[in-house]
>>> print(open('model36.txt').read())   # compact mmCIF, C-alpha atoms and all ligand atoms
# COMPACT_ATOMS: atom_id res chain seq x y z
CA MET A 1 0.00 0.00 0.00
CA ASN A 2 1.34 3.38 -0.93
CA ALA A 3 1.01 5.63 2.11
CA THR A 4 1.20 8.92 0.24
CA THR A 5 -0.97 8.38 -2.83
CA ALA A 6 -3.73 6.85 -0.69
CA GLU A 7 -4.40 10.27 0.88
CA THR A 8 -6.45 11.86 -1.85
CA ALA A 9 -10.22 11.90 -1.29
CA VAL A 10 -10.64 14.94 0.99
CA VAL A 11 -14.13 15.37 2.44
CA PRO A 12 -15.40 17.91 5.01
CA ASP A 13 -13.94 17.94 8.56
CA ASP A 14 -10.61 16.65 7.30
CA LEU A 15 -11.87 13.10 6.88
CA ILE A 16 -9.92 11.14 4.28
CA GLU A 17 -9.58 7.51 3.27
CA VAL A 18 -6.04 6.34 4.02
CA ALA A 19 -6.52 2.62 3.34
CA PRO A 20 -9.49 0.54 2.09
CA ASP A 21 -12.31 0.99 4.63
CA ILE A 22 -10.10 3.09 6.92
CA LEU A 23 -10.68 6.83 7.33
CA ARG A 24 -8.43 9.29 9.08
CA LEU A 25 -10.13 12.13 10.95
CA ARG A 26 -7.86 15.02 11.85
CA LEU A 27 -8.97 17.31 14.67
CA PRO A 28 -7.20 20.53 15.70
CA MET A 29 -5.46 20.90 19.09
CA ASP A 30 -4.43 24.04 20.94
CA GLU A 31 -1.45 22.76 22.93
CA GLY A 32 1.76 21.14 21.74
CA ILE A 33 1.16 19.58 18.32
CA ASP A 34 -1.62 21.41 16.44
CA HIS A 35 -3.67 18.33 15.52
CA VAL A 36 -4.45 14.72 16.38
CA ASN A 37 -5.34 11.91 13.96
CA LEU A 38 -8.17 9.52 14.78
CA TYR A 39 -8.97 6.49 12.64
CA LEU A 40 -12.25 4.88 11.66
CA VAL A 41 -12.38 1.30 10.40
CA ARG A 42 -15.56 0.15 8.69
CA ASP A 43 -17.26 -2.34 11.02
CA GLY A 44 -20.41 -3.71 9.35
CA ALA A 45 -22.89 -0.84 9.05
CA GLY A 46 -20.89 1.34 11.45
CA TRP A 47 -17.32 2.14 12.36
CA LEU A 48 -14.71 1.17 14.91
CA LEU A 49 -13.03 4.35 16.17
CA PHE A 50 -9.38 4.36 17.25
CA ASP A 51 -8.84 7.30 19.68
CA THR A 52 -11.30 10.10 20.31
CA GLY A 53 -9.71 13.60 20.39
CA VAL A 54 -9.49 16.34 23.01
CA ASP A 55 -12.83 17.24 24.58
CA THR A 56 -13.55 20.72 23.17
CA ALA A 57 -16.74 22.38 21.91
CA HIS A 58 -15.22 22.44 18.43
CA ALA A 59 -14.47 18.71 18.49
CA ARG A 60 -17.98 17.86 19.75
CA ALA A 61 -19.52 19.97 16.98
CA CYS A 62 -17.32 18.24 14.43
CA TRP A 63 -18.42 14.82 15.71
CA GLU A 64 -22.08 15.88 15.59
CA ARG A 65 -21.70 16.84 11.92
CA LEU A 66 -19.92 13.60 11.08
CA LEU A 67 -22.40 11.38 12.93
CA ALA A 68 -25.26 13.11 11.10
CA GLY A 69 -23.45 12.80 7.74
CA PRO A 70 -20.63 10.58 6.53
CA LEU A 71 -20.54 8.51 9.75
CA ALA A 72 -24.32 8.15 10.08
CA GLY A 73 -23.83 4.38 10.48
CA GLY A 74 -22.61 5.21 13.98
CA LEU A 75 -19.75 3.92 16.09
CA THR A 76 -19.77 0.26 17.07
CA ARG A 77 -16.57 0.18 19.14
CA ILE A 78 -14.05 2.70 20.42
CA VAL A 79 -10.44 1.72 21.12
CA VAL A 80 -8.66 4.27 23.34
CA SER A 81 -4.93 3.78 22.78
CA HIS A 82 -3.87 5.46 26.05
CA HIS A 83 -4.92 7.97 28.70
CA HIS A 84 -3.62 11.25 27.23
CA PRO A 85 -6.38 13.78 26.49
CA ASP A 86 -6.06 13.76 22.70
CA HIS A 87 -6.79 10.02 22.80
CA LEU A 88 -9.11 9.52 25.77
CA GLY A 89 -10.70 13.01 25.95
CA LEU A 90 -14.02 12.39 24.20
CA ALA A 91 -14.45 8.70 25.07
CA ARG A 92 -17.18 9.24 27.62
CA TRP A 93 -19.13 11.70 25.48
CA LEU A 94 -18.87 9.53 22.36
CA ARG A 95 -19.87 6.44 24.31
CA GLU A 96 -22.97 8.21 25.62
CA ARG A 97 -23.68 9.77 22.21
CA THR A 98 -23.31 6.52 20.18
CA GLY A 99 -23.65 3.59 22.60
CA ALA A 100 -20.33 2.19 21.38
CA VAL A 101 -18.35 -0.22 23.54
CA VAL A 102 -15.12 1.40 24.76
CA TYR A 103 -11.87 -0.53 25.12
CA LEU A 104 -9.44 1.01 27.60
CA ARG A 105 -6.74 -0.80 29.54
CA PRO A 106 -7.27 -0.67 33.34
CA GLU A 107 -3.69 0.60 33.74
CA GLU A 108 -4.50 3.53 31.47
CA ARG A 109 -7.70 4.29 33.37
CA HIS A 110 -5.66 4.23 36.58
CA SER A 111 -3.07 6.61 35.08
CA ALA A 112 -5.82 9.01 34.03
CA GLU A 113 -7.28 8.96 37.53
CA GLN A 114 -3.87 9.52 39.15
CA THR A 115 -3.02 12.34 36.73
CA ALA A 116 -6.14 14.22 37.83
CA LEU A 117 -4.65 14.46 41.38
CA PRO A 118 -8.06 13.81 42.94
CA THR A 119 -7.20 14.61 46.59
CA PRO A 120 -5.14 17.24 48.48
CA LYS A 121 -2.88 14.37 49.58
CA ALA A 122 -2.24 13.41 45.94
CA MET A 123 -1.45 17.04 45.08
CA ASP A 124 1.01 17.27 47.99
CA ALA A 125 2.71 14.01 46.98
CA CYS A 126 3.02 15.26 43.41
CA ARG A 127 4.50 18.61 44.50
CA HIS A 128 6.94 16.79 46.77
CA TYR A 129 8.04 14.46 43.94
CA PHE A 130 9.04 17.35 41.71
CA GLU A 131 10.74 19.33 44.49
CA HIS A 132 12.61 16.20 45.61
CA HIS A 133 14.06 15.90 42.10
CA GLY A 134 15.31 19.48 42.16
CA MET A 135 12.51 21.47 40.60
CA PRO A 136 12.00 24.99 42.05
CA ALA A 137 9.10 25.12 44.53
CA ASP A 138 6.96 27.44 42.38
CA ASP A 139 7.30 25.14 39.34
CA ALA A 140 6.40 22.11 41.46
CA SER A 141 3.33 23.97 42.77
CA THR A 142 2.26 24.98 39.27
CA ILE A 143 2.51 21.38 38.06
CA ALA A 144 0.53 19.99 41.00
CA SER A 145 -2.12 22.69 41.20
CA ASP A 146 -2.62 23.61 37.56
CA LEU A 147 -0.55 22.09 34.77
CA LEU A 148 -1.48 18.42 35.10
CA ARG A 149 -5.18 19.18 35.43
CA ARG A 150 -5.11 21.63 32.54
CA PHE A 151 -3.16 19.51 30.07
CA MET A 152 -3.74 15.93 31.15
CA ALA A 153 -7.02 15.42 33.01
CA CYS A 154 -9.79 13.42 31.31
CA ASP A 155 -13.29 12.28 32.22
CA THR A 156 -13.13 8.56 33.03
CA GLY A 157 -16.67 8.29 34.40
CA PHE A 158 -17.77 5.54 32.05
CA GLN A 159 -17.61 1.76 31.79
CA SER A 160 -15.05 0.16 29.56
CA GLN A 161 -13.68 -3.22 28.58
CA SER A 162 -10.10 -4.31 28.16
CA LEU A 163 -8.20 -6.15 25.43
CA GLU A 164 -5.25 -8.48 25.88
CA HIS A 165 -1.93 -8.44 24.07
CA GLY A 166 -2.16 -10.93 21.20
CA GLU A 167 -5.96 -10.85 21.04
CA VAL A 168 -7.45 -10.60 17.54
CA LEU A 169 -10.10 -7.98 16.72
CA HIS A 170 -12.24 -8.77 13.69
CA VAL A 171 -13.24 -5.45 12.17
CA GLY A 172 -14.88 -5.59 8.72
CA ARG A 173 -12.30 -6.84 6.21
CA TYR A 174 -9.46 -6.65 8.76
CA ARG A 175 -8.11 -8.91 11.51
CA PHE A 176 -6.17 -6.69 13.89
CA GLN A 177 -3.77 -8.14 16.41
CA VAL A 178 -3.76 -6.20 19.65
CA LEU A 179 -0.39 -5.01 20.94
CA VAL A 180 -0.09 -3.62 24.47
CA GLN A 181 3.08 -1.55 24.73
CA GLY A 182 4.68 0.46 27.51
CA GLY A 183 7.04 3.42 27.57
CA HIS A 184 5.07 6.45 26.43
CA SER A 185 2.28 5.34 28.72
CA VAL A 186 1.97 2.19 30.79
CA ALA A 187 -0.13 -0.01 28.47
CA GLN A 188 -0.80 1.59 25.11
CA PHE A 189 -2.92 -0.26 22.55
CA CYS A 190 -1.59 -0.53 19.02
CA LEU A 191 -3.46 -2.53 16.37
CA HIS A 192 -1.44 -4.49 13.80
CA GLU A 193 -2.99 -5.98 10.68
CA PRO A 194 -0.42 -8.50 9.46
CA GLN A 195 -1.97 -9.24 6.08
CA ALA A 196 -2.21 -5.59 5.04
CA GLY A 197 0.97 -4.57 6.91
CA LEU A 198 -0.96 -1.82 8.72
CA LEU A 199 -0.25 -0.46 12.20
CA LEU A 200 -2.57 1.83 14.13
CA THR A 201 0.05 3.12 16.49
CA GLY A 202 -1.30 5.94 18.66
CA ASP A 203 1.73 7.84 19.96
CA GLN A 204 3.97 4.80 20.17
CA LEU A 205 5.64 5.11 16.76
CA LEU A 206 5.51 8.64 15.36
CA GLU A 207 7.49 9.57 12.27
CA ARG A 208 8.62 13.13 12.95
CA ILE A 209 8.87 13.33 16.73
CA THR A 210 9.97 11.08 19.55
CA PRO A 211 7.12 10.29 21.96
CA ASN A 212 7.70 11.66 25.44
CA LEU A 213 8.85 9.08 28.01
CA SER A 214 8.18 10.21 31.56
CA LEU A 215 9.03 8.73 34.92
CA LEU A 216 6.18 10.04 37.06
CA PRO A 217 4.79 9.02 40.47
CA TRP A 218 2.28 6.89 38.51
CA GLY A 219 2.15 5.11 35.16
CA ASP A 220 4.97 3.06 33.66
CA ARG A 221 7.55 2.25 36.34
CA HIS A 222 10.29 1.57 33.73
CA PRO A 223 9.43 3.75 30.73
CA LEU A 224 12.66 3.61 28.73
CA ARG A 225 13.22 -0.12 29.21
CA HIS A 226 9.65 -0.85 28.17
CA TYR A 227 9.74 1.57 25.26
CA LEU A 228 12.93 0.04 23.83
CA ALA A 229 11.39 -3.43 24.20
CA SER A 230 8.27 -2.28 22.36
CA LEU A 231 10.39 -0.87 19.51
CA GLU A 232 12.20 -4.20 19.16
CA GLN A 233 8.81 -5.91 19.06
CA THR A 234 7.51 -3.44 16.46
CA ALA A 235 10.63 -3.73 14.29
CA ALA A 236 9.88 -7.45 13.88
CA LEU A 237 6.43 -6.78 12.36
CA ASP A 238 5.41 -6.50 8.72
CA LEU A 239 4.85 -2.73 8.53
CA ARG A 240 3.98 -1.31 5.14
CA CYS A 241 1.79 1.51 6.39
CA VAL A 242 1.84 3.21 9.79
CA LEU A 243 -1.25 5.17 10.84
CA PRO A 244 0.01 7.47 13.62
CA ALA A 245 -1.77 9.88 15.97
CA HIS A 246 0.23 12.82 14.68
CA HIS A 247 1.45 13.97 11.25
CA GLU A 248 1.05 11.85 8.10
CA VAL A 249 0.47 8.20 7.39
CA TYR A 250 3.86 6.77 6.47
CA ALA A 251 5.73 3.74 5.16
CA GLY A 252 9.02 2.56 6.67
CA GLY A 253 7.79 1.81 10.17
CA VAL A 254 10.52 -0.77 10.81
CA ALA A 255 13.25 1.73 9.93
CA ARG A 256 11.55 4.30 12.14
CA ALA A 257 11.45 1.86 15.09
CA ARG A 258 15.18 1.21 14.64
CA GLY A 259 15.80 4.95 14.34
CA LEU A 260 14.02 5.57 17.63
CA ILE A 261 16.14 2.92 19.36
CA HIS A 262 19.21 4.72 18.01
CA HIS A 263 17.81 8.08 19.16
CA HIS A 264 17.57 6.86 22.75
CA GLU A 265 21.02 5.27 22.60
CA ARG A 266 22.42 8.68 21.61
CA ALA A 267 20.36 10.35 24.34
CA LEU A 268 21.84 7.95 26.89
CA GLU A 269 25.31 9.01 25.70
CA LYS A 270 24.42 12.61 26.53
CA PHE A 271 23.26 11.63 30.01
CA ARG A 272 26.49 9.71 30.61
CA ALA A 273 28.53 12.67 29.39
CA ARG A 274 26.73 15.41 31.31
CA LEU A 275 25.96 13.80 34.65
CA LEU A 276 28.26 15.22 37.33
CA PRO A 277 28.37 13.69 40.81
CA GLY A 278 25.63 14.95 43.11
CA MET A 279 23.35 16.44 40.45
CA LYS A 280 19.61 16.38 41.02
CA GLY A 281 17.34 15.28 38.19
CA MET A 282 16.53 18.89 37.31
CA ASP A 283 20.25 19.76 37.06
CA VAL A 284 20.71 16.85 34.66
CA ALA A 285 17.65 17.92 32.66
CA THR A 286 19.10 21.41 32.23
CA ALA A 287 22.51 19.98 31.28
CA VAL A 288 20.97 17.71 28.62
CA TYR A 289 18.01 19.69 27.29
CA GLY A 290 19.18 23.24 27.98
CA ARG A 291 17.42 25.87 30.07
CA ARG A 292 13.71 25.80 29.19
CA ARG A 293 11.57 28.90 29.53
CA ASP A 294 8.19 27.20 29.83
CA VAL A 295 7.15 25.19 32.90
CA LEU A 296 5.59 22.50 30.69
CA ASP A 297 8.94 22.07 28.92
CA ARG A 298 10.77 21.91 32.26
CA PHE A 299 8.27 19.27 33.42
CA LEU A 300 8.88 17.21 30.26
CA ALA A 301 12.67 17.67 30.49
CA LEU A 302 12.77 16.52 34.11
CA THR A 303 10.48 13.50 33.75
CA GLU A 304 12.23 12.38 30.54
CA SER A 305 15.61 12.80 32.26
CA LEU A 306 14.45 10.66 35.17
CA ALA A 307 13.37 7.94 32.72
CA HIS A 308 16.86 7.90 31.17
CA LEU A 309 18.69 8.10 34.52
CA GLN A 310 16.60 5.24 35.85
CA TYR A 311 17.56 3.16 32.79
CA LEU A 312 21.26 3.86 33.43
CA GLN A 313 20.70 2.92 37.07
CA GLU A 314 19.23 -0.42 35.96
CA GLN A 315 22.37 -0.95 33.85
CA ALA A 316 24.46 -0.23 37.00
CA GLU A 317 26.03 2.81 35.32
CA VAL A 318 24.74 5.39 37.82
CA ARG A 319 23.29 5.42 41.31
CA CYS A 320 20.81 7.65 43.13
CA ASP A 321 21.00 8.47 46.84
CA ALA A 322 18.16 9.04 49.32
CA ASP A 323 18.28 12.79 48.60
CA ALA A 324 17.63 12.06 44.89
CA ARG A 325 21.19 13.02 43.88
CA TRP A 326 22.73 11.07 41.02
CA TYR A 327 26.29 9.78 40.71
CA PRO A 328 28.12 8.06 37.86
CA LEU A 329 29.50 4.68 38.89
CA PRO A 330 33.24 4.13 38.32
CA HIS A 331 33.11 2.12 35.09
CA THR A 332 30.91 4.71 33.33
CA VAL A 333 32.56 5.76 30.06
CA SER A 334 32.07 9.44 29.30
CA SER A 335 31.62 10.78 25.81
CA THR A 336 30.86 14.24 24.49
CA GLY A 337 27.25 15.03 23.73
CA ALA A 338 26.18 17.28 20.88
CA LEU A 339 23.23 19.67 20.76
CA PRO A 340 20.54 19.69 23.47
CA ALA A 341 18.00 16.93 22.88
CA SER A 342 14.48 17.76 21.70
CA LEU A 343 11.24 17.46 23.68
CA HIS A 344 7.70 16.88 22.52
CA LEU A 345 4.36 16.64 24.23
CA ALA A 346 2.70 13.76 22.37
ZN ZN A 401 0.37 10.37 24.34
>>> encode(input="model36.txt", output="structure tokens")
Amino acid sequence: MNATTAETAVVPDDLIEVAPDILRLRLPMDEGIDHVNLYLVRDGAGWLLFDTGVDTAHARACWERLLAGPLAGGLTRIVVSHHHPDHLGLARWLRERTGAVVYLRPEERHSAEQTALPTPKAMDACRHYFEHHGMPADDASTIASDLLRRFMACDTGFQSQSLEHGEVLHVGRYRFQVLVQGGHSVAQFCLHEPQAGLLLTGDQLLERITPNLSLLPWGDRHPLRHYLASLEQTAALDLRCVLPAHHEVYAGGVARARGLIHHHERALEKFRARLLPGMKGMDVATAVYGRRRDVLDRFLALTESLAHLQYLQEQAEVRCDADARWYPLPHTVSSTGALPASLHLA
């Protein structure tokens, strides 16, 4: 399947056919990347929806138009890849609007609930986590009292079902194999169609940006280890066409998976090179990613740094003391890093 020539038949609301019986719906976003891609797979008279979009008045109005027009057959099933708002945001509303069954991993539901910091105790623990890792007190307060709720919170007040890794979903002409992959979030669904070489990948395998890996007080306890394992798993698949949550449908998914492994190997080199004895996580983040002006960027830089430092700790290359200060271990080989690494909210 040719990933570029397939994208031709443009219809209103940025709904295009990207593969036989598969539509891509692109919705705008205000924060970070300016759009998210959702996918619809023909499922009998209706459609299976993969991811739902951020819950905004504009997105709801768009869905109302589509459900009254080109998607009048309705939604049969909704697969929510993971708990971030551009994926989970409209799940409850769409479920109530269409009656579709929603598939969401319990780990992802739990992450969404934790991210919302539902109690004062949870907010305090969150603030303490970021201060403990060297973030200034006002940044830690902003994250705990505002940023996470504003950027990450989703409505999870609905019933859902789960899917298991390796399970097969029959959807119209397709037989999707369910993958459950960690790293970017704790248990992200991807759907692989071996015969067509298709992969609905959520944020797990993006072409132009590297998905954020965060070590947080909740979610994946070993994000980089799990992400690298998922890339090895993905690189072994037949991937002729990747349908990602951001940017364009693309070919070359195996090469991209290998490229992302290489990206993190180079990032680890920077951490080895720039870690000085006694640094806190925030010091390391500044040394690797540069000084960031925006609190969201500092949040991403710190949590991504902690994910990489933890990986080096698991390889016995660094250690962390009770005061959250990091130290290279004697056999660590230093090398010179290049430019500051890049950060993306995906
Ligand atoms: Zn995400």
>>> closest_residue(input="model36.txt", among="A:Lys270, A:His58, A:His262, A:Arg42", to="A:Gly172", atoms="only C-alpha atoms")
A:Arg42
>>> residues_near_ligand(input="model36.txt", ligand="ligand ZN 401 (chain A)", cutoff="7 Å", atoms="only C-alpha atoms and all ligand atoms", output="short mmCIF file (atom, residue, chain, number, x, y, z; two decimals) with C-alpha atoms, in the frame of the given file")
data_model
loop_
_atom_site.label_atom_id
_atom_site.label_comp_id
_atom_site.auth_asym_id
_atom_site.auth_seq_id
_atom_site.Cartn_x
_atom_site.Cartn_y
_atom_site.Cartn_z
CA HIS A 82 -3.87 5.46 26.05
CA HIS A 84 -3.62 11.25 27.23
CA HIS A 184 5.07 6.45 26.43
CA SER A 185 2.28 5.34 28.72
CA ASP A 203 1.73 7.84 19.96
CA ALA A 346 2.70 13.76 22.37
#
>>> closest_residue(input="model36.txt", among="A:Arg256, A:His133, A:Arg293, A:Arg173", to="A:Arg325", atoms="all atoms listed in the file")
A:His133
>>> atom_distance(input="model36.txt", atom1="atom CA of A:Val168", atom2="atom CA of A:Leu40")
17.2 Å
>>> closest_residue(input="model36.txt", among="A:Met282, A:Phe50, A:Ala273, A:His222", to="A:Cys190", atoms="only C-alpha atoms")
A:Phe50
>>> residues_near_point(input="model36.txt", point="(21.5, 5.2, 35.2)", cutoff="10 Å", atoms="all atoms listed in the file", output="PyMOL selection string")
chain A and resi 268+271-272+275+306-320+326-329+332
>>> atom_distance(input="model36.txt", atom1="atom CA of A:Tyr227", atom2="atom CA of A:Gln181")
7.4 Å
>>> residues_around(input="model36.txt", residues="A:Asn37", least_positions_apart="2", cutoff="6 Å", atoms="only C-alpha atoms", output="PyMOL selection string")
chain A and resi 25-26+245-246
>>> atom_distance(input="model36.txt", atom1="atom CA of A:Met152", atom2="atom CA of A:Leu213")
14.7 Å
>>> closest_residue(input="model36.txt", among="A:Val54, A:Leu94, A:Ile143, A:Leu231", to="A:Ala116", atoms="all atoms listed in the file")
A:Ile143
>>> residues_near_point(input="model36.txt", point="(-13.2, 6.7, 30.7)", cutoff="10 Å", atoms="all atoms listed in the file", output="ChimeraX atom specification")
/A:80,83,88-93,95,102-106,108-110,112-113,154-160
>>> closest_residue(input="model36.txt", among="A:Ala19, A:Ala285, A:Leu75, A:Leu228", to="A:Glu265", atoms="all atoms listed in the file")
A:Leu228
>>> closest_residue(input="model36.txt", among="A:Ala140, A:Ala153, A:Leu38, A:Leu15", to="A:Ser81", atoms="only C-alpha atoms")
A:Leu38
>>> residues_around(input="model36.txt", residues="A:Phe299", least_positions_apart="3", cutoff="12 Å", atoms="only C-alpha atoms", output="PDB file with C-alpha atoms, in the frame of the given file")
ATOM      1  CA  CYS A 126       3.020  15.260  43.410  1.00  0.00           C
ATOM      2  CA  ARG A 127       4.500  18.610  44.500  1.00  0.00           C
ATOM      3  CA  TYR A 129       8.040  14.460  43.940  1.00  0.00           C
ATOM      4  CA  PHE A 130       9.040  17.350  41.710  1.00  0.00           C
ATOM      5  CA  GLU A 131      10.740  19.330  44.490  1.00  0.00           C
ATOM      6  CA  HIS A 133      14.060  15.900  42.100  1.00  0.00           C
ATOM      7  CA  GLY A 134      15.310  19.480  42.160  1.00  0.00           C
ATOM      8  CA  MET A 135      12.510  21.470  40.600  1.00  0.00           C
ATOM      9  CA  PRO A 136      12.000  24.990  42.050  1.00  0.00           C
ATOM     10  CA  ASP A 139       7.300  25.140  39.340  1.00  0.00           C
ATOM     11  CA  ALA A 140       6.400  22.110  41.460  1.00  0.00           C
ATOM     12  CA  SER A 141       3.330  23.970  42.770  1.00  0.00           C
ATOM     13  CA  THR A 142       2.260  24.980  39.270  1.00  0.00           C
ATOM     14  CA  ILE A 143       2.510  21.380  38.060  1.00  0.00           C
ATOM     15  CA  ALA A 144       0.530  19.990  41.000  1.00  0.00           C
ATOM     16  CA  LEU A 147      -0.550  22.090  34.770  1.00  0.00           C
ATOM     17  CA  LEU A 148      -1.480  18.420  35.100  1.00  0.00           C
ATOM     18  CA  PHE A 151      -3.160  19.510  30.070  1.00  0.00           C
ATOM     19  CA  ASN A 212       7.700  11.660  25.440  1.00  0.00           C
ATOM     20  CA  LEU A 213       8.850   9.080  28.010  1.00  0.00           C
ATOM     21  CA  SER A 214       8.180  10.210  31.560  1.00  0.00           C
ATOM     22  CA  LEU A 215       9.030   8.730  34.920  1.00  0.00           C
ATOM     23  CA  LEU A 216       6.180  10.040  37.060  1.00  0.00           C
ATOM     24  CA  GLY A 281      17.340  15.280  38.190  1.00  0.00           C
ATOM     25  CA  MET A 282      16.530  18.890  37.310  1.00  0.00           C
ATOM     26  CA  ALA A 285      17.650  17.920  32.660  1.00  0.00           C
ATOM     27  CA  THR A 286      19.100  21.410  32.230  1.00  0.00           C
ATOM     28  CA  TYR A 289      18.010  19.690  27.290  1.00  0.00           C
ATOM     29  CA  ARG A 291      17.420  25.870  30.070  1.00  0.00           C
ATOM     30  CA  ARG A 292      13.710  25.800  29.190  1.00  0.00           C
ATOM     31  CA  ARG A 293      11.570  28.900  29.530  1.00  0.00           C
ATOM     32  CA  ASP A 294       8.190  27.200  29.830  1.00  0.00           C
ATOM     33  CA  VAL A 295       7.150  25.190  32.900  1.00  0.00           C
ATOM     34  CA  LEU A 296       5.590  22.500  30.690  1.00  0.00           C
ATOM     35  CA  LEU A 302      12.770  16.520  34.110  1.00  0.00           C
ATOM     36  CA  THR A 303      10.480  13.500  33.750  1.00  0.00           C
ATOM     37  CA  GLU A 304      12.230  12.380  30.540  1.00  0.00           C
ATOM     38  CA  SER A 305      15.610  12.800  32.260  1.00  0.00           C
ATOM     39  CA  LEU A 306      14.450  10.660  35.170  1.00  0.00           C
ATOM     40  CA  LEU A 343      11.240  17.460  23.680  1.00  0.00           C
ATOM     41  CA  HIS A 344       7.700  16.880  22.520  1.00  0.00           C
ATOM     42  CA  LEU A 345       4.360  16.640  24.230  1.00  0.00           C
TER      43      LEU A 345
END
>>> residues_around(input="model36.txt", residues="A:Gln114", least_positions_apart="4", cutoff="9 Å", atoms="all atoms listed in the file", output="MDAnalysis selection string")
chainID A and resid 109:110 118 122 217:219
